[in-house]
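The file start23.pdb comes next; it holds PDB, C-alpha atoms and all ligand atoms.
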```
ATOM      1  CA  MET A   1       0.000   0.000   0.000
ATOM      2  CA  ILE A   2       1.246   3.488  -0.901
ATOM      3  CA  VAL A   3       0.060   6.582   0.965
ATOM      4  CA  ALA A   4       0.663  10.054  -0.531
ATOM      5  CA  ASP A   5      -0.453  13.399   0.841
ATOM      6  CA  ALA A   6      -0.019  17.039  -0.161
ATOM      7  CA  PRO A   7      -1.181  20.400   1.244
ATOM      8  CA  GLY A   8      -3.740  22.886  -0.033
ATOM      9  CA  LYS A   9      -2.770  26.531  -0.330
ATOM     10  CA  ILE A  10      -3.809  30.130   0.087
ATOM     11  CA  ILE A  11      -2.666  32.872  -2.279
ATOM     12  CA  LEU A  12      -1.402  35.873  -0.304
ATOM     13  CA  PHE A  13      -0.788  38.055  -3.361
ATOM     14  CA  GLY A  14      -1.044  37.876  -7.129
ATOM     15  CA  GLU A  15      -3.811  35.467  -8.166
ATOM     16  CA  HIS A  16      -4.960  36.079 -11.749
ATOM     17  CA  PHE A  17      -2.001  38.414 -12.399
ATOM     18  CA  VAL A  18       0.194  35.296 -12.276
ATOM     19  CA  VAL A  19      -1.689  33.874 -15.272
ATOM     20  CA  LYS A  20       0.000  36.609 -17.347
ATOM     21  CA  GLY A  21       3.446  36.192 -15.815
ATOM     22  CA  VAL A  22       3.333  38.530 -12.792
ATOM     23  CA  PRO A  23       4.909  36.752  -9.777
ATOM     24  CA  ALA A  24       2.540  35.613  -7.032
ATOM     25  CA  LEU A  25       3.003  34.565  -3.437
ATOM     26  CA  ALA A  26       1.314  31.408  -2.147
ATOM     27  CA  MET A  27       1.476  29.584   1.163
ATOM     28  CA  ALA A  28       0.868  25.879   1.802
ATOM     29  CA  ILE A  29      -1.617  25.290   4.616
ATOM     30  CA  ASN A  30      -2.319  22.525   7.106
ATOM     31  CA  LEU A  31      -5.281  21.081   5.193
ATOM     32  CA  ARG A  32      -4.134  18.106   3.141
ATOM     33  CA  ALA A  33      -5.319  15.778   0.385
ATOM     34  CA  ARG A  34      -4.478  12.133   1.121
ATOM     35  CA  VAL A  35      -4.451   9.400  -1.514
ATOM     36  CA  VAL A  36      -4.094   5.695  -0.681
ATOM     37  CA  PHE A  37      -3.146   3.159  -3.382
ATOM     38  CA  ASN A  38      -3.818  -0.569  -3.121
ATOM     39  CA  ILE A  39      -2.642  -2.953  -5.839
ATOM     40  CA  THR A  40      -5.367  -5.475  -6.681
ATOM     41  CA  ASN A  41      -5.688  -8.322  -9.186
ATOM     42  CA  ASN A  42      -9.211  -7.824 -10.583
ATOM     43  CA  ASN A  43      -8.201  -5.721 -13.648
ATOM     44  CA  CYS A  44     -10.180  -2.791 -12.319
ATOM     45  CA  LEU A  45      -9.112   0.768 -11.763
ATOM     46  CA  VAL A  46     -11.163   2.325  -8.962
ATOM     47  CA  LEU A  47     -11.063   5.963  -7.821
ATOM     48  CA  ASP A  48     -13.046   6.345  -4.646
ATOM     49  CA  SER A  49     -13.527   9.779  -3.082
ATOM     50  CA  ARG A  50     -15.445  10.066   0.188
ATOM     51  CA  ILE A  51     -16.709  13.509  -0.849
ATOM     52  CA  ILE A  52     -17.148  13.325  -4.647
ATOM     53  CA  GLY A  53     -18.164   9.749  -5.385
ATOM     54  CA  ARG A  54     -16.744   6.636  -7.007
ATOM     55  CA  TYR A  55     -15.419   5.936 -10.510
ATOM     56  CA  GLU A  56     -14.686   2.384 -11.639
ATOM     57  CA  LEU A  57     -13.179   1.147 -14.905
ATOM     58  CA  CYS A  58     -13.090  -2.635 -15.441
ATOM     59  CA  GLY A  59     -11.869  -3.402 -18.969
ATOM     60  CA  HIS A  60     -13.923  -0.944 -21.045
ATOM     61  CA  SER A  61     -16.858  -0.898 -18.682
ATOM     62  CA  GLU A  62     -17.334   2.240 -16.563
ATOM     63  CA  ARG A  63     -19.381   2.487 -13.380
ATOM     64  CA  ILE A  64     -20.026   5.843 -11.785
ATOM     65  CA  GLU A  65     -21.526   6.412  -8.347
ATOM     66  CA  ARG A  66     -22.745   9.828  -7.185
ATOM     67  CA  LYS A  67     -20.584  12.514  -8.886
ATOM     68  CA  GLY A  68     -17.758  10.082  -9.675
ATOM     69  CA  ASP A  69     -17.454  11.437 -13.236
ATOM     70  CA  LEU A  70     -15.850  14.557 -11.698
ATOM     71  CA  LEU A  71     -12.880  12.309 -10.932
ATOM     72  CA  LYS A  72     -12.203  11.704 -14.651
ATOM     73  CA  PRO A  73      -9.519  14.429 -15.126
ATOM     74  CA  TYR A  74      -7.404  12.472 -12.643
ATOM     75  CA  LEU A  75      -7.400   9.517 -15.069
ATOM     76  CA  THR A  76      -4.888  11.411 -17.259
ATOM     77  CA  ILE A  77      -2.407  11.073 -14.387
ATOM     78  CA  ILE A  78      -3.048   7.377 -13.939
ATOM     79  CA  ASP A  79      -3.292   6.429 -17.649
ATOM     80  CA  ASN A  80       0.123   7.810 -18.442
ATOM     81  CA  GLU A  81       2.045   6.189 -15.645
ATOM     82  CA  TYR A  82      -0.097   3.244 -14.684
ATOM     83  CA  ASN A  83       2.195   0.323 -15.103
ATOM     84  CA  ARG A  84       0.245  -2.374 -16.935
ATOM     85  CA  HIS A  85       1.770  -5.206 -14.957
ATOM     86  CA  HIS A  86      -0.324  -4.028 -12.032
ATOM     87  CA  ASN A  87      -3.474  -6.073 -12.421
ATOM     88  CA  GLY A  88      -5.628  -3.445 -10.856
ATOM     89  CA  LEU A  89      -5.556  -0.414  -8.591
ATOM     90  CA  TYR A  90      -7.930   0.667  -5.851
ATOM     91  CA  ILE A  91      -7.310   4.338  -5.087
ATOM     92  CA  VAL A  92      -8.977   6.143  -2.201
ATOM     93  CA  ILE A  93      -8.959   9.960  -2.157
ATOM     94  CA  ASP A  94      -9.593  11.530   1.220
ATOM     95  CA  SER A  95      -9.175  15.297   1.360
ATOM     96  CA  GLN A  96      -9.561  17.849   4.149
ATOM     97  CA  ILE A  97      -9.504  20.685   1.583
ATOM     98  CA  PRO A  98     -12.895  22.189   0.677
ATOM     99  CA  ILE A  99     -13.657  21.717  -3.034
ATOM    100  CA  GLY A 100     -14.119  24.603  -5.501
ATOM    101  CA  ALA A 101     -13.268  27.201  -2.886
ATOM    102  CA  GLY A 102      -9.899  28.644  -3.953
ATOM    103  CA  LEU A 103      -7.835  26.500  -1.574
ATOM    104  CA  GLY A 104      -6.121  24.373  -4.221
ATOM    105  CA  SER A 105      -8.062  21.154  -3.628
ATOM    106  CA  SER A 106      -7.595  19.774  -7.164
ATOM    107  CA  GLY A 107      -3.926  20.857  -7.226
ATOM    108  CA  ALA A 108      -3.189  19.038  -3.953
ATOM    109  CA  THR A 109      -5.114  15.921  -5.012
ATOM    110  CA  SER A 110      -3.351  15.905  -8.403
ATOM    111  CA  ILE A 111       0.052  16.160  -6.719
ATOM    112  CA  ALA A 112      -0.709  13.401  -4.173
ATOM    113  CA  LEU A 113      -2.103  11.172  -6.932
ATOM    114  CA  SER A 114       0.883  11.818  -9.235
ATOM    115  CA  GLY A 115       3.325  11.346  -6.355
ATOM    116  CA  GLY A 116       1.839   7.954  -5.503
ATOM    117  CA  ILE A 117       1.733   6.781  -9.129
ATOM    118  CA  VAL A 118       5.344   7.824  -9.788
ATOM    119  CA  PHE A 119       6.463   6.156  -6.552
ATOM    120  CA  LEU A 120       4.589   2.993  -7.527
ATOM    121  CA  ASN A 121       6.377   2.832 -10.872
ATOM    122  CA  LYS A 122       9.848   4.105 -10.031
ATOM    123  CA  GLY A 123      10.200   3.421  -6.310
ATOM    124  CA  CYS A 124      11.069   7.084  -5.752
ATOM    125  CA  VAL A 125       9.511  10.506  -6.231
ATOM    126  CA  ASP A 126      10.870  12.494  -9.156
ATOM    127  CA  LYS A 127       9.472  15.998  -8.716
ATOM    128  CA  THR A 128       9.650  16.993 -12.393
ATOM    129  CA  THR A 129       7.536  14.003 -13.474
ATOM    130  CA  VAL A 130       5.121  14.456 -10.574
ATOM    131  CA  TYR A 131       4.573  18.153 -11.379
ATOM    132  CA  GLY A 132       4.204  17.473 -15.119
ATOM    133  CA  LEU A 133       1.563  14.801 -14.509
ATOM    134  CA  ALA A 134      -0.358  16.956 -12.039
ATOM    135  CA  MET A 135      -0.410  19.820 -14.582
ATOM    136  CA  LYS A 136      -2.153  17.514 -17.088
ATOM    137  CA  ALA A 137      -5.096  17.082 -14.720
ATOM    138  CA  GLU A 138      -5.024  20.766 -13.687
ATOM    139  CA  SER A 139      -5.255  21.809 -17.353
ATOM    140  CA  ILE A 140      -8.495  19.851 -17.663
ATOM    141  CA  PHE A 141      -9.903  21.265 -14.425
ATOM    142  CA  HIS A 142      -8.905  24.895 -14.993
ATOM    143  CA  SER A 143      -8.291  25.365 -18.752
ATOM    144  CA  LYS A 144      -5.281  27.754 -18.418
ATOM    145  CA  PRO A 145      -3.672  27.105 -15.037
ATOM    146  CA  SER A 146      -0.585  29.100 -14.110
ATOM    147  CA  GLY A 147       0.612  26.042 -12.178
ATOM    148  CA  ILE A 148       0.900  27.858  -8.844
ATOM    149  CA  ASP A 149      -1.438  25.451  -7.001
ATOM    150  CA  PRO A 150       0.337  22.148  -7.794
ATOM    151  CA  ARG A 151       3.746  23.805  -7.309
ATOM    152  CA  THR A 152       2.829  24.986  -3.797
ATOM    153  CA  SER A 153       1.331  21.575  -2.953
ATOM    154  CA  LEU A 154       4.466  19.828  -4.201
ATOM    155  CA  GLU A 155       6.998  22.041  -2.425
ATOM    156  CA  GLY A 156       5.110  23.209   0.693
ATOM    157  CA  GLY A 157       5.994  26.427   2.565
ATOM    158  CA  LEU A 158       5.926  29.937   1.169
ATOM    159  CA  ILE A 159       6.323  29.992  -2.624
ATOM    160  CA  LEU A 160       7.194  32.980  -4.782
ATOM    161  CA  TYR A 161       5.910  31.693  -8.098
ATOM    162  CA  ARG A 162       6.845  33.086 -11.516
ATOM    163  CA  ASP A 163       5.969  30.328 -13.937
ATOM    164  CA  GLN A 164       6.012  26.543 -14.296
ATOM    165  CA  LYS A 165       9.809  26.456 -14.328
ATOM    166  CA  ARG A 166      10.695  29.392 -12.064
ATOM    167  CA  PHE A 167       9.817  29.640  -8.387
ATOM    168  CA  ASP A 168      11.530  30.177  -5.021
ATOM    169  CA  LYS A 169      10.756  28.623  -1.680
ATOM    170  CA  LEU A 170      11.126  31.516   0.751
ATOM    171  CA  SER A 171      12.504  31.104   4.245
ATOM    172  CA  TYR A 172      10.554  33.888   6.005
ATOM    173  CA  ARG A 173       9.035  32.716   9.264
ATOM    174  CA  ILE A 174       5.452  33.666  10.043
ATOM    175  CA  PRO A 175       5.489  34.901  13.677
ATOM    176  CA  SER A 176       3.348  33.025  16.202
ATOM    177  CA  ASP A 177       1.294  36.136  17.075
ATOM    178  CA  ILE A 178      -0.092  36.325  13.502
ATOM    179  CA  ASP A 179      -3.048  34.216  12.373
ATOM    180  CA  PHE A 180      -4.667  33.493   9.019
ATOM    181  CA  LEU A 181      -8.419  32.914   8.968
ATOM    182  CA  ILE A 182     -10.392  31.749   5.971
ATOM    183  CA  VAL A 183     -14.132  32.386   5.778
ATOM    184  CA  ASN A 184     -16.477  30.537   3.451
ATOM    185  CA  SER A 185     -18.630  33.042   1.545
ATOM    186  CA  GLY A 186     -21.007  30.178   0.727
ATOM    187  CA  ILE A 187     -20.911  31.151  -2.947
ATOM    188  CA  PRO A 188     -19.767  28.376  -5.312
ATOM    189  CA  ARG A 189     -17.414  29.376  -8.106
ATOM    190  CA  LYS A 190     -15.336  27.908 -10.871
ATOM    191  CA  THR A 191     -11.711  28.884 -11.446
ATOM    192  CA  SER A 192     -11.929  28.547 -15.236
ATOM    193  CA  LEU A 193     -14.915  30.945 -15.461
ATOM    194  CA  ALA A 194     -13.211  33.581 -13.307
ATOM    195  CA  VAL A 195      -9.948  33.282 -15.279
ATOM    196  CA  THR A 196     -11.820  33.623 -18.600
ATOM    197  CA  LYS A 197     -13.722  36.665 -17.318
ATOM    198  CA  VAL A 198     -10.451  38.405 -16.379
ATOM    199  CA  LEU A 199      -8.667  37.499 -19.621
ATOM    200  CA  ASN A 200     -11.614  38.825 -21.659
ATOM    201  CA  ARG A 201     -11.538  42.132 -19.763
ATOM    202  CA  TYR A 202      -7.776  42.243 -20.363
ATOM    203  CA  GLU A 203      -8.315  41.968 -24.121
ATOM    204  CA  ARG A 204     -11.049  44.643 -24.130
ATOM    205  CA  GLN A 205      -9.203  47.154 -21.913
ATOM    206  CA  LYS A 206      -5.564  46.336 -22.623
ATOM    207  CA  LYS A 207      -4.024  49.745 -21.866
ATOM    208  CA  ILE A 208      -5.663  50.150 -18.471
ATOM    209  CA  MET A 209      -5.291  46.488 -17.545
ATOM    210  CA  GLN A 210      -1.553  46.610 -18.292
ATOM    211  CA  LYS A 211      -1.215  49.408 -15.700
ATOM    212  CA  ILE A 212      -3.143  47.345 -13.145
ATOM    213  CA  TYR A 213      -0.865  44.356 -13.810
ATOM    214  CA  GLU A 214       2.177  46.620 -13.336
ATOM    215  CA  ALA A 215       0.747  47.728  -9.984
ATOM    216  CA  ALA A 216       0.285  44.050  -9.045
ATOM    217  CA  GLU A 217       3.961  43.454  -9.779
ATOM    218  CA  GLU A 218       5.006  46.431  -7.598
ATOM    219  CA  LEU A 219       2.768  45.071  -4.889
ATOM    220  CA  ILE A 220       4.647  41.753  -4.815
ATOM    221  CA  ILE A 221       7.985  43.549  -4.429
ATOM    222  CA  GLU A 222       6.566  45.581  -1.543
ATOM    223  CA  ALA A 223       4.965  42.504   0.042
ATOM    224  CA  LEU A 224       8.304  40.666   0.030
ATOM    225  CA  ASN A 225       9.905  43.687   1.708
ATOM    226  CA  THR A 226       7.303  43.824   4.449
ATOM    227  CA  LEU A 227       7.541  40.063   5.029
ATOM    228  CA  LYS A 228      11.310  40.344   5.280
ATOM    229  CA  HIS A 229      10.985  43.072   7.919
ATOM    230  CA  GLY A 230       8.077  41.341   9.674
ATOM    231  CA  ASP A 231       5.816  44.375   9.223
ATOM    232  CA  TYR A 232       2.386  42.746   9.284
ATOM    233  CA  THR A 233       0.455  46.013   9.561
ATOM    234  CA  ALA A 234       1.883  47.031   6.197
ATOM    235  CA  LEU A 235       1.276  43.522   4.840
ATOM    236  CA  GLY A 236      -2.408  43.819   5.778
ATOM    237  CA  GLU A 237      -2.643  47.132   3.978
ATOM    238  CA  LEU A 238      -1.056  45.592   0.881
ATOM    239  CA  MET A 239      -3.668  42.811   1.006
ATOM    240  CA  LEU A 240      -6.390  45.469   0.861
ATOM    241  CA  ILE A 241      -4.694  47.133  -2.117
ATOM    242  CA  ASN A 242      -4.465  43.709  -3.800
ATOM    243  CA  GLN A 243      -8.188  43.282  -3.160
ATOM    244  CA  GLY A 244      -8.796  46.645  -4.861
ATOM    245  CA  LEU A 245      -6.896  45.424  -7.924
ATOM    246  CA  LEU A 246      -8.886  42.156  -7.941
ATOM    247  CA  ASN A 247     -12.040  44.265  -7.869
ATOM    248  CA  ALA A 248     -10.743  46.282 -10.836
ATOM    249  CA  ILE A 249     -10.112  43.152 -12.916
ATOM    250  CA  GLY A 250     -13.621  41.846 -12.189
ATOM    251  CA  VAL A 251     -13.446  39.031  -9.632
ATOM    252  CA  SER A 252     -14.750  40.716  -6.497
ATOM    253  CA  TYR A 253     -18.330  40.033  -5.346
ATOM    254  CA  PRO A 254     -20.672  41.670  -2.811
ATOM    255  CA  VAL A 255     -20.672  38.910  -0.144
ATOM    256  CA  GLY A 256     -16.883  38.763  -0.256
ATOM    257  CA  GLU A 257     -16.660  42.561   0.154
ATOM    258  CA  LYS A 258     -19.068  42.335   3.096
ATOM    259  CA  ILE A 259     -16.860  39.770   4.881
ATOM    260  CA  ILE A 260     -13.760  41.878   4.208
ATOM    261  CA  LYS A 261     -15.441  44.986   5.645
ATOM    262  CA  MET A 262     -16.571  43.103   8.771
ATOM    263  CA  ALA A 263     -13.047  41.755   9.270
ATOM    264  CA  ILE A 264     -11.400  45.173   8.980
ATOM    265  CA  ASP A 265     -14.055  46.943  11.090
ATOM    266  CA  SER A 266     -13.483  44.451  13.891
ATOM    267  CA  GLY A 267      -9.709  44.844  13.911
ATOM    268  CA  ALA A 268      -8.129  42.563  11.256
ATOM    269  CA  LEU A 269      -4.916  43.797   9.609
ATOM    270  CA  GLY A 270      -5.972  42.843   6.094
ATOM    271  CA  ALA A 271      -8.366  40.714   4.064
ATOM    272  CA  LYS A 272      -8.870  39.694   0.461
ATOM    273  CA  ILE A 273     -10.099  37.068  -1.954
ATOM    274  CA  THR A 274      -7.791  34.051  -2.126
ATOM    275  CA  GLY A 275      -7.767  32.095  -5.388
ATOM    276  CA  ALA A 276      -9.993  32.819  -8.348
ATOM    277  CA  GLY A 277     -12.707  34.867  -6.585
ATOM    278  CA  LEU A 278     -16.385  35.385  -7.534
ATOM    279  CA  GLY A 279     -17.068  33.187  -4.482
ATOM    280  CA  GLY A 280     -15.128  30.717  -2.367
ATOM    281  CA  TYR A 281     -13.150  31.686   0.738
ATOM    282  CA  ILE A 282     -12.004  35.095   1.974
ATOM    283  CA  LEU A 283      -8.560  35.276   3.568
ATOM    284  CA  ILE A 284      -8.061  37.382   6.711
ATOM    285  CA  LEU A 285      -4.768  38.425   8.320
ATOM    286  CA  VAL A 286      -5.191  39.114  12.026
ATOM    287  CA  GLU A 287      -3.138  39.468  15.194
ATOM    288  CA  LYS A 288      -3.675  36.472  17.480
ATOM    289  CA  GLU A 289      -5.100  38.662  20.260
ATOM    290  CA  LYS A 290      -7.853  39.958  17.935
ATOM    291  CA  GLU A 291      -8.658  36.685  16.184
ATOM    292  CA  LYS A 292     -11.577  35.678  18.442
ATOM    293  CA  LYS A 293     -13.225  39.106  18.170
ATOM    294  CA  VAL A 294     -12.966  39.129  14.361
ATOM    295  CA  ALA A 295     -14.249  35.545  14.025
ATOM    296  CA  LYS A 296     -17.162  36.223  16.434
ATOM    297  CA  LYS A 297     -18.305  39.287  14.484
ATOM    298  CA  ILE A 298     -18.276  37.387  11.171
ATOM    299  CA  GLU A 299     -19.992  34.358  12.680
ATOM    300  CA  GLU A 300     -22.758  36.546  14.125
ATOM    301  CA  GLU A 301     -23.512  37.711  10.579
ATOM    302  CA  GLY A 302     -24.172  34.100   9.547
ATOM    303  CA  PHE A 303     -20.798  32.975   8.163
ATOM    304  CA  LYS A 304     -20.228  29.919  10.347
ATOM    305  CA  ASP A 305     -17.535  28.201   8.285
ATOM    306  CA  ILE A 306     -14.396  29.938   9.569
ATOM    307  CA  ILE A 307     -11.112  28.014   9.643
ATOM    308  CA  LYS A 308      -7.833  29.068  11.234
ATOM    309  CA  VAL A 309      -5.122  27.847   8.854
ATOM    310  CA  ASN A 310      -1.442  27.461   9.606
ATOM    311  CA  TYR A 311       1.665  27.593   7.485
ATOM    312  CA  ASP A 312       2.719  24.079   6.407
ATOM    313  CA  HIS A 313       6.343  23.721   5.386
ATOM    314  CA  ARG A 314       5.902  20.127   4.199
ATOM    315  CA  GLY A 315       4.928  19.525   0.589
ATOM    316  CA  LEU A 316       4.255  16.149  -1.034
ATOM    317  CA  HIS A 317       4.918  13.195   1.250
ATOM    318  CA  VAL A 318       4.855   9.595   0.018
ATOM    319  CA  VAL A 319       5.332   6.421   2.064
ATOM    320  CA  SER A 320       5.018   2.734   1.440
ATOM    321  CA  GLU A 321       3.114   0.906   4.177
ATOM    322  CA  SER A 322       2.582  -2.815   4.576
TER     323      SER A 322
HETATM  324  O1  LIG A 401      -8.257  27.564  -8.394
HETATM  325  P1  LIG A 401      -7.993  28.645  -7.415
HETATM  326  O2  LIG A 401      -9.237  29.327  -6.972
HETATM  327  O3  LIG A 401      -7.103  28.188  -6.306
HETATM  328  O4  LIG A 401      -7.230  29.822  -8.223
HETATM  329  C1  LIG A 401      -5.964  29.676  -8.781
HETATM  330  C2  LIG A 401      -5.310  30.989  -8.987
HETATM  331  C3  LIG A 401      -5.554  31.717 -10.309
HETATM  332  O5  LIG A 401      -4.506  32.669 -10.406
HETATM  333  C4  LIG A 401      -6.885  32.435 -10.317
HETATM  334  C5  LIG A 401      -5.511  30.790 -11.523
HETATM  335  C6  LIG A 401      -4.121  30.223 -11.791
HETATM  336  O6  LIG A 401      -4.061  29.215 -12.494
HETATM  337  O7  LIG A 401      -3.113  30.778 -11.338
END
```
Could the structure of this file be written out as structure tokens, please?
Ligand code: PMV
Amino acid sequence: MIVADAPGKIILFGEHFVVKGVPALAMAINLRARVVFNITNNNCLVLDSRIIGRYELCGHSERIERKGDLLKPYLTIIDNEYNRHHNGLYIVIDSQIPIGAGLGSSGATSIALSGGIVFLNKGCVDKTTVYGLAMKAESIFHSKPSGIDPRTSLEGGLILYRDQKRFDKLSYRIPSDIDFLIVNSGIPRKTSLAVTKVLNRYERQKKIMQKIYEAAEELIIEALNTLKHGDYTALGELMLINQGLLNAIGVSYPVGEKIIKMAIDSGALGAKITGAGLGGYILILVEKEKEKKVAKKIEEEGFKDIIKVNYDHRGLHVVSES
């Protein structure tokens, strides 16, 4: 039996802008996708997700339970590397990462799945192959992914991401008196739709959009400076500016803005969309001593799904268990 797990992520700065080559800053969090592989001898490939459903392929015959067809993009990972001398595989996906919420659930699952498959075939984890395989599934899920999600899941920690080949794992420590909260807006969204909306606006309003993208690039430089100096008040302010830019490119939404306003009014340092926007989770930066007050205020307004997330330095992890 092989067990592989990988973390989800939050984007601190630069979502969407990264799709056009502006660097972005992402952080792996302590919510993980876990994939367990069992070799069987019934000639069946089974993908079983507690949350999504079950997909089974025996010869050419498919069986789908609940929303198991949503697991199909993951087959590209398995098809390519699935070593035919395995007579069957029973794969269980068990993820703590909310789906379709901007927390990199598909990226983390793709990385854990790829990691396990590569380990099964080669006996070791070769990061380049794992990332390449995960990107195949991500391209089906998200149409034009920058690759930031699977990269952060693979590496863990704080990632300054430029493109599929260029990234840095930063060594800044997040102090223990700083917390990150994520709040579920309750609005479902789809990354590919949000990305398309932004790219269409870019084409229509190129001159203005280019200026906004330049500002997003400046913002990253400033954010790295403030992180280096541990100035979290300034970092919070930069998050609000980033939110303003996300609004300008078309991915803000009223419920999200409401949560951000509540967070800031009750003492948070900063707040913004994390991930594609138009729904999903809102990210809040808050001093530990004010965390309870901020969470209480937001909860009172009916947003009960609030999670405190921590920095996770550990990326993909694969073990063989008997
Ligand atoms: O899928 P999400 O919501 O985690 O968003 C990914 C970040 C985007 O910049 C919007 C898209 C991308 O591929 O970088």
(request) Apply the PyMOL selection byres (((chain A and resi 260-268) around 7) and not hetatm) to the file shown and report the selected residues as a list in words. (result) Gly256, Glu257, Lys258, Ile259, Leu269, Gly270, Ala271, Lys272, Ile284, Leu285, Val286, Lys290, Lys293, Val294 and Ile298 of chain A
Produce a table with one row for each residue of chain A that has an atom at most 8 Å from any atom of ligand LIG 401 (chain A), each row naming the nearest atom pair and its distance in Å at one decimal; use all atoms listed in the file; arrange rows by chain and rising residue number; format as CSV.
```
residue,atom,partner,partner_atom,distance
A:Lys9,CA,A:LIG401,O3,7.6
A:Ile10,CA,A:LIG401,O3,7.4
A:Ile11,CA,A:LIG401,C2,7.5
A:Gly14,CA,A:LIG401,O5,7.1
A:Glu15,CA,A:LIG401,O5,3.7
A:His16,CA,A:LIG401,O5,3.7
A:Phe17,CA,A:LIG401,O5,6.6
A:Val18,CA,A:LIG401,O7,5.7
A:Val19,CA,A:LIG401,O7,5.2
A:Gly100,CA,A:LIG401,O2,7.0
A:Ala101,CA,A:LIG401,O2,6.1
A:Gly102,CA,A:LIG401,O2,3.2
A:Leu103,CA,A:LIG401,O3,5.1
A:Gly104,CA,A:LIG401,O3,4.5
A:Ser105,CA,A:LIG401,O3,7.6
A:Ser106,CA,A:LIG401,O1,7.9
A:His142,CA,A:LIG401,O6,7.0
A:Lys144,CA,A:LIG401,O6,6.2
A:Pro145,CA,A:LIG401,O6,3.3
A:Ser146,CA,A:LIG401,O6,3.8
A:Gly147,CA,A:LIG401,O6,5.7
A:Ile148,CA,A:LIG401,O7,5.6
A:Asp149,CA,A:LIG401,O3,6.3
A:Lys190,CA,A:LIG401,O2,7.4
A:Thr191,CA,A:LIG401,O1,4.8
A:Ser192,CA,A:LIG401,C5,7.7
A:Ala194,CA,A:LIG401,C4,7.1
A:Val195,CA,A:LIG401,C4,5.9
A:Thr274,CA,A:LIG401,O2,6.9
A:Gly275,CA,A:LIG401,O2,3.5
A:Ala276,CA,A:LIG401,C4,3.7
A:Gly277,CA,A:LIG401,O2,6.5
A:Gly280,CA,A:LIG401,O2,7.6
```
Per residue of stretch 60-167 of chain A within 6 Å of stretch 311-316 of chain A, note the shortest atom pair and the distance in Å to one decimal, counting only C-alpha atoms, and order the rows by chain and increasing residue number, as a Markdown table.
```
| residue | atom | partner | partner_atom | distance |
| --- | --- | --- | --- | --- |
| A:Ser153 | CA | A:Gly315 | CA | 5.4 |
| A:Leu154 | CA | A:Gly315 | CA | 4.8 |
| A:Glu155 | CA | A:Gly315 | CA | 4.4 |
| A:Gly156 | CA | A:Gly315 | CA | 3.7 |
| A:Gly157 | CA | A:His313 | CA | 3.9 |
```
(request) Taking the file as shown, find all residues satisfying the PyMOL selection byres (((chain A and resi 31-45) around 8) and not hetatm) and write them as a PyMOL selection string. (result) chain A and resi 1-8+29-30+46-47+56-59+86-97+105+108-109+112-113+116+309
(message) Which residues are near stretch 204-218 of chain A? Cut-off 10 Å, all atoms listed in the file, ignore same chain within fewer than 5 positions. Put them as a PyMOL selection string.
(response) chain A and resi 13-18+20-24+198-199+223+241-242+245-246+248-249
(message) Just checking: using only C-alpha atoms, which residue out of A:Ile117, A:Leu25, A:Val319, A:Ile140 ends up closest to A:Leu71?
(response)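 Of all the options, A:Ile140 lies closest to A:Leu71.
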